[in-house]
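Remarks on the structure that follows.
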Amino acid sequence: MMKTEYITAPVTALAFAGDLLLTGEGPCLHLYDVTSTEHLQVHQMLTHANIHGIRTAAAGIEVDCWDVALFGQKTLQLVQIRPTENAIHRKGVLVTPGDQHGECEVHDWIWDVCWLLPDQTQGMARQLALALGHNTVVLWDAEAQRSIREVHCQEKCILYCAHFIGSSWSDLMLAAGTVFREVVLWKPCDQKEDQDCVSVLQRITGHQGVIFSVCYHPPTGRLCTASDDRSVRLWQVAGPLQQVLDTGEGVATAGEFELVFEVYGHGSRVWDVQLTQDYIISVGEDAQCIVWNMQGEIAKTFRGHKGNSIWSLAVCEQQGLVATGGGDTSIRLWELPGSVTCQSEAVGTSSTLNLPLSLDDFPRSLASCLAHLFLVVTDQGSLYSYNTATCQWSLVLQDPIYRSYSLLEVSAGGMVAMGSLAGTIKVFFISAPNACWESAVYDGKVLSLTWMGQNADRTVSSLGHLLSCGPEGEVIWWTTHTAAEEGITVQKTATFQLPYSRQRWLTCALLSQKDSTLVCGDRRGSLHCYRKQDEDEPTQPLQSLIGIHGKTGVTSLQMHRNHVYSTGRDGHYRQFQLGATGLQLLKNNRVYKGFDWLEKLTFSEDGEMLALGFHTSNFVVWSLSANEPLLQVQCGGGHRAWGILPSTSQGALFAYIKARAVQLTKGPSISSSKRLILKDSLHGREITCLKFLGWANNEGAPYAICATSSEDTTINIVALKHKPVSDLVVLDTIQDHISSVRCLTVCPQLTTSGSSQCASSPKLLFSGGGRAQLKCYRVSVSSHCDSGGVHKGKPCSEKDTCTHQNMENITQQDRHLPKVDVSVKETKEPQGYRSVDIPSATSDSGNNGTLQEESTGHCCDDPDTEATTSHVPPAVECHIEYLACHNLVERRRRKKKSGAAQLEEEEEVEMRYMALTSWQGRQVDPHSAHLFFVAAACSDGFLRLFVYDDSKRNIQLFCVSDFHHHCVLSVDHFFTTTTDGSIHTYVISGATDGQIAVWNVTPILSAFLSSVRHSNHRDITEQDTVEAGVKVPHTLSTERTKCQGGMNTSTTKDMQDVNSPVPKVQLKSGCLRKTPKMKMESPDALLKKHQSGVNAISIQRVNSHHYLLASGGDDNSLQITVLTVREDTPNKPVIVATATGSAHSAHAATITGVHVLDGQSILTTSVDQRVNMWKYQLILKPTTQCHLSFLYGKFSHIADIAGLECWNDECGQQHIAVCGHGIQVLSPAHL
């Protein structure tokens, strides 16, 4: 059978129990310590259901002992928690005969559970009330585990929510939200002996949608409802009904509910609502938690969850805490307004600073200085400073040269640089403005000034680096020598020339003192690298990345952990490795959709990355780790002059110029922000694919490194810990896809040494998704044992004590790889790692540091002296290197206006990659280790073959096939070896018409590899058709490529003479005009296996001539086929299907994953949330036969299963992972 090793799923239930927070994630109950934010324990409580609700009650007279009722769907489970013993105990009172889990099932969906206080007639027996899905209440005996009484309401309908009011059976009332958009209140104890149903006491109407949540607050007599219509309504109970609700006595009359207010604040449906004495807390589908005051105003808004839903909510009024659990699997704590530790609202409060100016003068430029000053330059050339501690203005200097136009730049050490319209530059300390350096530098105006680092200690001689930019792109590097006694001395160090562009001036710069490399960003959105030279002529750039940040400009350059980070007004921030040849792009990320003006990044001491920029007309400080805003200011947009002091005695101060006045906004201190995150998010939407990358070992604990993709456009590299305690940590995130990521494929960079199972060996990760976007990354993960740290483990040892008979990685890549001895150069280990501390079982989270203020121009220190974020050596380090991107585009003619000339424009193809499979070139040709081939199943009915050249770092489309004429859903590949030792490559594709095609792509690969070897200096010649057996020049060309992320893509045009026959290959333009490529006409074998779409394919080598093909489809069937390779003609193998087997109703819904395992077993998974194990038996002689039989199945708690992946550990134990709305890892029993 199968057992669950790890599961992460949307958090569907939350409840406070003293200092503990109980969470329901799938079938598991998790315990968190609210004070320390530590994860204490996890226990799987339900077998075939997820936990949808948790209800707690004090257990007798014992201190800190809680009775807990867990329920989900039709299942109920009772447990007892004793926090003082740090243990959880099952109560044996609800164990049904033959059910070892202690679960109990009722006949209908459970909406609410209430622990009842014992009445005089009950004695000390504990009882519960259950609210069921058709407006029924069951009185349940906890000791006898049976139903005592079942009461029906006269209003028999389907409920969408239910809420018990009262604590004993005699005064218990049910508020039920019905499908008819109303709330009905009725008392179960009102049932008479001669009555079958209980009449309704009160109806609450007014919502325009179904009721999703009802909450009642007894001390205030208020009732709150949330609905599908996006509204939250507050009702006040008065009169006789109040007496009925509070005491259970009296007779209710109609019309006792008064609507206090109806509020709209959520962007979509509201799922849950809770009431306190002073606030209403609501959560919804827009992933927001809104706190309302009793006047109907928004008191606070919590944003931090990714995706589109917060599913669960819990409030602890005594501690002033709100807990939310989202569909992104994260759990967060928030402080209610008014609590002691509550942070101020992120939206700051603004006021106008009265600057003492004449009537004809007004402020023009503004900048922050040191930790307490704002500097302002006026239209008349006056420089004022505002001291935030004393709240006073002071005149620093007045110079008419800087009238009407003045640039103002301040270094981290308090040095001020000013530039004028006449080309004059002035440099001075803010504390000594009279001891200044001033010179007329340019014939025209100074276009920009940029500081590149400055020592904050002004009492000793120090160096400062200033860049100035003038007309014609002339950039001058100034070195400043400073001392308190001698003043400032400025010397010209070097001159550089910016490449020509319309907006030819500098916006930011970074200096690497290690090799004197200067990195500059300009207003055109380009990055340039310079090396200082002794020549008198201006130095030309060593490297230029033109338009890497679009056309709107680069805003900042910074160095952090030996990596260069750039930001731009295209909303992206990019990570680079600075080497001898310049910048190498590693990652391309964006904050979130709509955050299009990214000004800079800052890094706190604990490693938190903050993004500063503008979203529409708001200035926003955004925490990338917490995924929430820390400060928001309505300032009017990024074109205004502004400055920020992140941490002062008054909090964060943001100043800007608006309507010729200086506005000052006060917000919460950014450096002291504390965000309580009990569990980090995984993905904001459903996970579409999961791929195993390898193993890493840290202090004896093995970690399975996997890559996950999602509909939220991101890819996560995660470390899954198996022993001794299961855990999952996100190591790094890739977020440069512009649409959902549908599929992944992993291709190891095989070498003669090492193992592909080790995560430290580099892997190529190809990702495909919407908007015809295919990307390639190099991923490697190392731990202490890999990097020479403190602990020396053996993650990749070939002499482990465990058996290694099943050591090989069970992937489509390695299962079919023939035995080939090839000498391959060792892959160079990439430089630069992002380290992530993997928490141990006793580690605490929630540590927060202070924000480090960094200037736009930054100076890179030696890596040995760079500050680190932790004194503990990193446990696991993940390195992701961006390699290439391919976008399909086509040229279309369109008219802008009637009668106007037609214009050709490039437009992206509206196509989606559905599945990918990849293999290395050395598996086909020993001399092609730098090439990697990818076969892609496409939604437009094409099967496309790509090649990635690691030496040129580009992806090229070289072959297509439109044979299917339907959406191609799945693809796989395998290898065969003929009698003469040659290797043949086959690709298998399945489409929505139920057909499976087997393609021998060896002739195409041979033709392409031959062209690569012999066509370095020849032009492409176009040829329409290549007939079989004809020796003619063969035309190849690359697909038109648009590179996302600013990578320069070189389009190579090659030609070669094919000296061997190329069967069944035509040269046609495929789907794109003017881009001829090879085309596959018909497959070598065609199998009609399914009635509809073929969603999953897996193939396993049986012997040298037989392969087992398994497929699953929309028709719920599992099909197996034995493919036999016959070689009637030397070196021309033929594929024939010799035997078939099937299970027509293998699942109750669409099969989404199939995997052929070793040991004659097949694994399937489906949308029906079942993981089934099948056994197949092959008889090869005298005739080929195959038989399929069901072994066992396992219910999965992951909804909408979209992917299946399997791998082995070092001891041969298999691990199975399914993904969808979460991840569940299973381990099957040995057969």
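Scheme for the structure tokens: letters A, B, ... for chains in order shown; per-chain residue numbers from 1; ligand numbers from 1 in order shown.
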
Could you list, as an mmCIF file with N, CA, C and O atoms, in the first residue's frame, every residue within 6 Å of A:Val377, counting only C-alpha atoms and ignoring same-chain residues fewer than 2 positions away?
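Full text of around_20.cif as output:
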data_model
loop_
_atom_site.group_PDB
_atom_site.id
_atom_site.type_symbol
_atom_site.label_atom_id
_atom_site.label_comp_id
_atom_site.auth_asym_id
_atom_site.auth_seq_id
_atom_site.Cartn_x
_atom_site.Cartn_y
_atom_site.Cartn_z
ATOM 1 N N PRO A 363 9.958 75.245 -4.648
ATOM 2 C CA PRO A 363 10.913 74.127 -4.649
ATOM 3 C C PRO A 363 10.932 73.390 -5.988
ATOM 4 O O PRO A 363 9.893 73.209 -6.619
ATOM 5 N N ARG A 364 12.127 72.965 -6.387
ATOM 6 C CA ARG A 364 12.294 72.230 -7.642
ATOM 7 C C ARG A 364 12.834 70.816 -7.426
ATOM 8 O O ARG A 364 12.332 69.869 -8.015
ATOM 9 N N SER A 365 13.870 70.678 -6.630
ATOM 10 C CA SER A 365 14.509 69.377 -6.414
ATOM 11 C C SER A 365 14.467 69.029 -4.941
ATOM 12 O O SER A 365 14.470 69.915 -4.077
ATOM 13 N N SER A 382 18.353 78.473 -4.201
ATOM 14 C CA SER A 382 18.609 78.352 -2.768
ATOM 15 C C SER A 382 18.502 76.893 -2.355
ATOM 16 O O SER A 382 17.633 76.150 -2.841
ATOM 17 N N LEU A 383 19.396 76.475 -1.456
ATOM 18 C CA LEU A 383 19.392 75.116 -0.914
ATOM 19 C C LEU A 383 18.986 75.179 0.550
ATOM 20 O O LEU A 383 19.643 75.838 1.359
#

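Distance annotation: of A:Gln632, A:Thr35, A:Asn434, A:Ser1098, the residue with the minimal separation from A:Leu20 is A:Thr35; atom set is only C-alpha atoms.
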
- Message: Quick check, in Å to one decimal: how far apart do atom CA of A:His52 and atom CA of A:Leu174 lie?
- Response: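 Answer for the atom CA of A:His52 to atom CA of A:Leu174 separation: 18.6 Å.
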
Strand (DSSP E) residues, from DSSP on the backbone, in stretch 351-546 of chain A, as a PDB file with C-alpha atoms, in the first residue's frame:
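Written out: out.pdb:
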ATOM      1  CA  SER A 351       1.084  67.213   5.823  1.00  0.00           C
ATOM      2  CA  THR A 352       2.527  70.321   4.127  1.00  0.00           C
ATOM      3  CA  LEU A 353       5.885  71.707   5.223  1.00  0.00           C
ATOM      4  CA  PRO A 363      10.913  74.127  -4.649  1.00  0.00           C
ATOM      5  CA  ARG A 364      12.294  72.230  -7.642  1.00  0.00           C
ATOM      6  CA  SER A 365      14.509  69.377  -6.414  1.00  0.00           C
ATOM      7  CA  LEU A 366      14.378  67.237  -3.265  1.00  0.00           C
ATOM      8  CA  ALA A 367      16.611  64.541  -1.756  1.00  0.00           C
ATOM      9  CA  SER A 368      17.122  62.796   1.573  1.00  0.00           C
ATOM     10  CA  CYS A 369      20.406  63.233   3.421  1.00  0.00           C
ATOM     11  CA  LEU A 373      17.553  65.568   6.764  1.00  0.00           C
ATOM     12  CA  PHE A 374      15.670  66.503   3.628  1.00  0.00           C
ATOM     13  CA  LEU A 375      17.354  68.863   1.161  1.00  0.00           C
ATOM     14  CA  VAL A 376      15.386  71.121  -1.182  1.00  0.00           C
ATOM     15  CA  VAL A 377      16.674  73.295  -4.040  1.00  0.00           C
ATOM     16  CA  THR A 378      14.398  76.156  -5.082  1.00  0.00           C
ATOM     17  CA  SER A 382      18.609  78.352  -2.768  1.00  0.00           C
ATOM     18  CA  LEU A 383      19.392  75.116  -0.914  1.00  0.00           C
ATOM     19  CA  TYR A 384      17.402  74.436   2.265  1.00  0.00           C
ATOM     20  CA  SER A 385      17.656  71.586   4.744  1.00  0.00           C
ATOM     21  CA  TYR A 386      14.799  70.282   6.870  1.00  0.00           C
ATOM     22  CA  ASN A 387      15.719  68.626  10.171  1.00  0.00           C
ATOM     23  CA  GLN A 392      12.915  73.273  11.346  1.00  0.00           C
ATOM     24  CA  TRP A 393      14.132  74.645   7.989  1.00  0.00           C
ATOM     25  CA  SER A 394      17.585  76.180   7.584  1.00  0.00           C
ATOM     26  CA  LEU A 395      19.216  77.900   4.611  1.00  0.00           C
ATOM     27  CA  VAL A 396      22.367  76.049   3.520  1.00  0.00           C
ATOM     28  CA  LEU A 397      23.499  78.197   0.592  1.00  0.00           C
ATOM     29  CA  GLN A 398      22.233  80.460  -2.153  1.00  0.00           C
ATOM     30  CA  SER A 406      19.514  72.313 -10.598  1.00  0.00           C
ATOM     31  CA  LEU A 407      20.445  68.680 -10.176  1.00  0.00           C
ATOM     32  CA  LEU A 408      20.751  67.458  -6.585  1.00  0.00           C
ATOM     33  CA  GLU A 409      22.468  64.230  -5.565  1.00  0.00           C
ATOM     34  CA  VAL A 410      23.470  63.243  -2.017  1.00  0.00           C
ATOM     35  CA  MET A 415      28.282  64.808   0.421  1.00  0.00           C
ATOM     36  CA  VAL A 416      26.141  66.975  -1.863  1.00  0.00           C
ATOM     37  CA  ALA A 417      26.632  67.393  -5.606  1.00  0.00           C
ATOM     38  CA  MET A 418      24.788  70.046  -7.587  1.00  0.00           C
ATOM     39  CA  GLY A 419      24.677  70.547 -11.363  1.00  0.00           C
ATOM     40  CA  SER A 420      23.570  73.642 -13.248  1.00  0.00           C
ATOM     41  CA  THR A 424      28.801  73.829 -13.492  1.00  0.00           C
ATOM     42  CA  ILE A 425      29.227  71.195 -10.786  1.00  0.00           C
ATOM     43  CA  LYS A 426      29.518  71.974  -7.081  1.00  0.00           C
ATOM     44  CA  VAL A 427      30.516  69.402  -4.394  1.00  0.00           C
ATOM     45  CA  PHE A 428      30.485  70.001  -0.622  1.00  0.00           C
ATOM     46  CA  PHE A 429      29.611  68.487   2.725  1.00  0.00           C
ATOM     47  CA  ALA A 432      30.339  72.635   5.660  1.00  0.00           C
ATOM     48  CA  PRO A 433      28.799  74.125   2.495  1.00  0.00           C
ATOM     49  CA  ASN A 434      31.348  76.945   2.286  1.00  0.00           C
ATOM     50  CA  ALA A 435      34.286  74.504   1.932  1.00  0.00           C
ATOM     51  CA  CYS A 436      33.213  73.387  -1.506  1.00  0.00           C
ATOM     52  CA  TRP A 437      34.688  72.440  -4.872  1.00  0.00           C
ATOM     53  CA  GLU A 438      33.121  74.044  -7.955  1.00  0.00           C
ATOM     54  CA  SER A 439      34.058  73.900 -11.608  1.00  0.00           C
ATOM     55  CA  ALA A 440      32.573  74.588 -15.047  1.00  0.00           C
ATOM     56  CA  SER A 448      22.845  63.727 -14.495  1.00  0.00           C
ATOM     57  CA  LEU A 449      24.926  63.226 -11.358  1.00  0.00           C
ATOM     58  CA  THR A 450      25.468  59.875  -9.649  1.00  0.00           C
ATOM     59  CA  TRP A 451      27.369  58.993  -6.472  1.00  0.00           C
ATOM     60  CA  MET A 452      29.075  55.617  -6.307  1.00  0.00           C
ATOM     61  CA  GLY A 453      29.631  55.052  -2.609  1.00  0.00           C
ATOM     62  CA  GLN A 454      31.049  57.271   0.092  1.00  0.00           C
ATOM     63  CA  SER A 462      38.244  59.075   2.384  1.00  0.00           C
ATOM     64  CA  LEU A 463      37.460  58.516  -1.275  1.00  0.00           C
ATOM     65  CA  GLY A 464      34.202  59.268  -2.977  1.00  0.00           C
ATOM     66  CA  HIS A 465      33.298  58.539  -6.569  1.00  0.00           C
ATOM     67  CA  LEU A 466      31.033  60.812  -8.563  1.00  0.00           C
ATOM     68  CA  LEU A 467      29.874  60.393 -12.150  1.00  0.00           C
ATOM     69  CA  SER A 468      28.631  63.327 -14.163  1.00  0.00           C
ATOM     70  CA  CYS A 469      27.000  63.184 -17.565  1.00  0.00           C
ATOM     71  CA  GLU A 474      30.148  62.280 -22.132  1.00  0.00           C
ATOM     72  CA  VAL A 475      30.528  60.679 -18.684  1.00  0.00           C
ATOM     73  CA  ILE A 476      33.300  61.882 -16.348  1.00  0.00           C
ATOM     74  CA  TRP A 477      34.476  59.898 -13.351  1.00  0.00           C
ATOM     75  CA  TRP A 478      35.449  62.205 -10.459  1.00  0.00           C
ATOM     76  CA  THR A 479      37.348  61.021  -7.392  1.00  0.00           C
ATOM     77  CA  THR A 480      36.825  63.141  -4.275  1.00  0.00           C
ATOM     78  CA  HIS A 481      39.315  63.282  -1.409  1.00  0.00           C
ATOM     79  CA  THR A 482      37.684  64.522   1.761  1.00  0.00           C
ATOM     80  CA  ALA A 483      38.893  65.612   5.173  1.00  0.00           C
ATOM     81  CA  GLY A 487      37.844  70.392   2.786  1.00  0.00           C
ATOM     82  CA  ILE A 488      37.194  68.644  -0.511  1.00  0.00           C
ATOM     83  CA  THR A 489      39.553  67.933  -3.400  1.00  0.00           C
ATOM     84  CA  VAL A 490      38.085  66.603  -6.640  1.00  0.00           C
ATOM     85  CA  GLN A 491      40.163  65.018  -9.399  1.00  0.00           C
ATOM     86  CA  LYS A 492      39.171  63.788 -12.841  1.00  0.00           C
ATOM     87  CA  THR A 493      39.845  60.051 -13.064  1.00  0.00           C
ATOM     88  CA  ALA A 494      38.512  58.880 -16.428  1.00  0.00           C
ATOM     89  CA  THR A 495      36.118  59.731 -19.234  1.00  0.00           C
ATOM     90  CA  PHE A 496      33.589  57.389 -20.796  1.00  0.00           C
ATOM     91  CA  GLN A 497      31.277  57.615 -23.785  1.00  0.00           C
ATOM     92  CA  LEU A 506      23.306  58.394 -17.208  1.00  0.00           C
ATOM     93  CA  THR A 507      20.735  57.361 -14.587  1.00  0.00           C
ATOM     94  CA  CYS A 508      22.700  55.099 -12.208  1.00  0.00           C
ATOM     95  CA  ALA A 509      26.098  53.480 -11.829  1.00  0.00           C
ATOM     96  CA  LEU A 510      27.984  50.859  -9.857  1.00  0.00           C
ATOM     97  CA  LEU A 511      31.731  50.514  -9.317  1.00  0.00           C
ATOM     98  CA  SER A 512      33.503  47.243  -8.625  1.00  0.00           C
ATOM     99  CA  THR A 517      34.702  47.661 -13.648  1.00  0.00           C
ATOM    100  CA  LEU A 518      32.121  50.395 -14.016  1.00  0.00           C
ATOM    101  CA  VAL A 519      28.514  49.384 -14.721  1.00  0.00           C
ATOM    102  CA  CYS A 520      26.246  52.184 -15.937  1.00  0.00           C
ATOM    103  CA  GLY A 521      22.543  52.406 -16.654  1.00  0.00           C
ATOM    104  CA  ASP A 522      21.092  55.008 -18.985  1.00  0.00           C
ATOM    105  CA  LEU A 527      23.358  48.659 -19.253  1.00  0.00           C
ATOM    106  CA  HIS A 528      26.997  49.315 -20.177  1.00  0.00           C
ATOM    107  CA  CYS A 529      30.222  47.932 -18.706  1.00  0.00           C
ATOM    108  CA  TYR A 530      33.460  49.942 -18.810  1.00  0.00           C
ATOM    109  CA  ARG A 531      37.070  49.315 -17.812  1.00  0.00           C
ATOM    110  CA  GLN A 543      29.701  45.391 -23.101  1.00  0.00           C
ATOM    111  CA  SER A 544      26.277  46.898 -23.794  1.00  0.00           C
ATOM    112  CA  LEU A 545      22.924  45.307 -23.077  1.00  0.00           C
TER     113      LEU A 545
END

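Atom pair atom CA of A:Ile548 / atom CA of A:Cys747: separated by 28.0 Å.
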
Which polymer residues have any atom within 6 Å of an atom of stretch 921-934 of chain A, counting only C-alpha atoms, with same-chain residues fewer than 4 positions away left out, as a short mmCIF file (atom, residue, chain, number, x, y, z; two decimals) with C-alpha atoms, in the first residue's frame?
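Dumped to result_20.cif:
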data_model
loop_
_atom_site.label_atom_id
_atom_site.label_comp_id
_atom_site.auth_asym_id
_atom_site.auth_seq_id
_atom_site.Cartn_x
_atom_site.Cartn_y
_atom_site.Cartn_z
CA THR A 917 10.56 16.32 -23.10
CA LEU A 945 11.57 20.27 -32.08
CA PHE A 946 13.96 22.79 -30.56
CA VAL A 947 17.67 22.76 -29.89
CA TYR A 948 19.46 24.69 -27.18
CA ASP A 949 23.13 25.49 -27.85
CA ASP A 950 24.90 25.95 -24.52
#

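When only C-alpha atoms are used to measure the gap to A:Cys743, the shortest distance among A:Phe963, A:Tyr216, A:Tyr913, A:Phe1195 belongs to A:Tyr913.
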
- Query: Could you pull the residues within 12 Å of A:Glu155, counting only C-alpha atoms, minus those fewer than 2 positions along the same chain, as a list of chain:residue names?
  - Reply: A:His134, A:Asn135, A:Thr136, A:Val151, A:His152, A:Cys153, A:Cys157, A:Ile158, A:Leu159, A:Ala176, A:Gly177, A:Thr178, A:Val179, A:Phe180, A:Glu182, A:Val183, A:Val184, A:Leu185, A:Trp186, A:Asp196, A:Cys197, A:Val198, A:Ser199, A:Val200, A:Leu201, A:Gln202, A:Arg203

Save out the residues we just selected, N, CA and C atoms, as a compact mmCIF listing (two decimals), in the first residue's frame.
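The resulting file, result-v5.txt, is shown below:
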# COMPACT_ATOMS: atom_id res chain seq x y z
N HIS A 134 -28.43 19.90 4.96
CA HIS A 134 -29.80 20.15 4.53
C HIS A 134 -30.64 20.70 5.69
N ASN A 135 -30.04 21.60 6.45
CA ASN A 135 -30.72 22.32 7.51
C ASN A 135 -31.23 21.37 8.59
N THR A 136 -30.34 20.50 9.04
CA THR A 136 -30.63 19.53 10.08
C THR A 136 -29.60 19.66 11.18
N VAL A 151 -32.91 16.66 14.45
CA VAL A 151 -34.01 17.61 14.32
C VAL A 151 -33.91 18.29 12.96
N HIS A 152 -35.08 18.38 12.27
CA HIS A 152 -35.13 18.99 10.94
C HIS A 152 -35.86 20.32 11.03
N CYS A 153 -35.40 21.24 10.19
CA CYS A 153 -36.08 22.53 10.10
C CYS A 153 -37.19 22.46 9.05
N CYS A 157 -33.72 22.93 2.76
CA CYS A 157 -32.97 23.40 1.60
C CYS A 157 -31.49 23.15 1.83
N ILE A 158 -30.72 23.36 0.78
CA ILE A 158 -29.27 23.20 0.86
C ILE A 158 -28.66 24.43 1.52
N LEU A 159 -27.77 24.20 2.45
CA LEU A 159 -27.10 25.29 3.15
C LEU A 159 -25.74 25.54 2.53
N ALA A 176 -28.62 29.67 9.72
CA ALA A 176 -28.25 28.91 8.53
C ALA A 176 -28.36 29.79 7.30
N GLY A 177 -27.27 29.86 6.51
CA GLY A 177 -27.28 30.58 5.25
C GLY A 177 -27.69 29.66 4.12
N THR A 178 -28.78 29.97 3.46
CA THR A 178 -29.38 29.07 2.50
C THR A 178 -28.99 29.45 1.07
N VAL A 179 -29.37 28.57 0.15
CA VAL A 179 -29.13 28.80 -1.25
C VAL A 179 -30.06 29.88 -1.80
N PHE A 180 -31.11 30.22 -1.03
CA PHE A 180 -32.08 31.22 -1.46
C PHE A 180 -31.71 32.63 -1.00
N GLU A 182 -30.78 33.95 1.89
CA GLU A 182 -31.32 34.43 3.15
C GLU A 182 -30.73 33.61 4.29
N VAL A 183 -30.85 34.16 5.50
CA VAL A 183 -30.42 33.47 6.72
C VAL A 183 -31.66 33.13 7.52
N VAL A 184 -31.82 31.87 7.87
CA VAL A 184 -32.95 31.44 8.68
C VAL A 184 -32.44 31.05 10.06
N LEU A 185 -33.18 31.48 11.09
CA LEU A 185 -32.83 31.16 12.47
C LEU A 185 -33.93 30.28 13.05
N TRP A 186 -33.51 29.19 13.70
CA TRP A 186 -34.46 28.28 14.34
C TRP A 186 -33.78 27.55 15.49
N ASP A 196 -42.74 16.90 13.09
CA ASP A 196 -41.59 16.37 12.39
C ASP A 196 -40.51 17.43 12.19
N CYS A 197 -40.92 18.68 12.09
CA CYS A 197 -39.99 19.76 11.78
C CYS A 197 -40.21 20.92 12.75
N VAL A 198 -39.19 21.77 12.82
CA VAL A 198 -39.24 22.96 13.66
C VAL A 198 -39.44 24.17 12.75
N SER A 199 -40.31 25.04 13.16
CA SER A 199 -40.60 26.23 12.34
C SER A 199 -39.48 27.24 12.49
N VAL A 200 -39.40 28.12 11.50
CA VAL A 200 -38.37 29.16 11.46
C VAL A 200 -38.79 30.31 12.36
N LEU A 201 -37.83 30.78 13.19
CA LEU A 201 -38.09 31.92 14.07
C LEU A 201 -37.95 33.25 13.33
N GLN A 202 -36.94 33.35 12.50
CA GLN A 202 -36.65 34.64 11.86
C GLN A 202 -35.95 34.41 10.54
N ARG A 203 -36.23 35.26 9.56
CA ARG A 203 -35.55 35.24 8.27
C ARG A 203 -34.85 36.60 8.07

Excluding stretch 37-45 of chain A and its own-chain neighbours fewer than 3 positions away, which residues fall within 6 Å of it when counting only C-alpha atoms? Please give them as a compact mmCIF listing (two decimals) with N, CA, C and O atoms, in the first residue's frame.
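To be explicit, this is the file written out as part15.txt:
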# COMPACT_ATOMS: atom_id res chain seq x y z
N PRO A 27 -5.76 16.78 5.21
CA PRO A 27 -6.27 15.95 6.31
C PRO A 27 -5.49 16.11 7.61
O PRO A 27 -5.78 15.42 8.59
N CYS A 28 -4.50 17.00 7.62
CA CYS A 28 -3.55 17.08 8.72
C CYS A 28 -3.88 18.24 9.66
O CYS A 28 -4.29 19.31 9.22
N LEU A 29 -3.66 18.00 10.93
CA LEU A 29 -3.77 19.01 11.97
C LEU A 29 -2.37 19.46 12.35
O LEU A 29 -1.54 18.65 12.78
N HIS A 30 -2.12 20.75 12.22
CA HIS A 30 -0.82 21.33 12.57
C HIS A 30 -0.99 22.19 13.81
O HIS A 30 -2.00 22.87 13.98
N LEU A 31 0.04 22.16 14.66
CA LEU A 31 0.06 22.96 15.87
C LEU A 31 1.20 23.96 15.78
O LEU A 31 2.36 23.58 15.53
N TYR A 32 0.89 25.24 15.99
CA TYR A 32 1.88 26.32 15.98
C TYR A 32 1.82 27.05 17.31
O TYR A 32 0.74 27.26 17.87
N ASP A 33 3.00 27.43 17.80
CA ASP A 33 3.09 28.28 18.98
C ASP A 33 3.00 29.73 18.52
O ASP A 33 3.86 30.22 17.76
N VAL A 34 1.96 30.43 18.96
CA VAL A 34 1.74 31.80 18.50
C VAL A 34 2.84 32.72 19.00
O VAL A 34 3.27 33.65 18.30
N LEU A 678 3.73 32.25 9.84
CA LEU A 678 3.91 30.92 10.40
C LEU A 678 4.33 29.93 9.33
O LEU A 678 5.09 29.00 9.60
N ASP A 844 13.36 28.56 15.06
CA ASP A 844 12.31 29.55 15.19
C ASP A 844 12.30 30.42 13.96
O ASP A 844 13.32 30.69 13.35

- Message: So that I can see what lies close to stretch 1104-1112 of chain A, please list as a list in words the residues with an atom at most 8 Å from it, counting only C-alpha atoms and leaving out residues fewer than 4 positions away in the same chain.
- Response: Thr976, Thr977, Val1094, Asn1095, Ala1096, Ile1097, Ser1098, Ile1099, Gln1100, Asn1116, Ser1117, Leu1118, Gln1119, Ile1120, Thr1121, Val1122, Leu1123, Thr1124, Val1125, Arg1126, Ile1151, Thr1152, Gly1153, Val1154, His1155, Val1156, Ile1162 and Thr1164 of chain A

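The smallest atom-to-atom distance between A:His305 and any of A:Pro1130, A:Gly1193, A:Gly284, A:Pro702, using only C-alpha atoms, is found for A:Gly284.
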
- Message: Would you pick out the contacts of A:Glu105 at 7 Å or less, using only C-alpha atoms, so that residues sharing its chain but fewer than 5 positions from it are not included, and give the list as a ChimeraX atom specification?
- Response: /A:74-76

- Message: What does the structure give for the distance between atom CA of A:Trp1174 and atom CA of A:Gly26, in Å to one decimal?
- Response: 25.9 Å
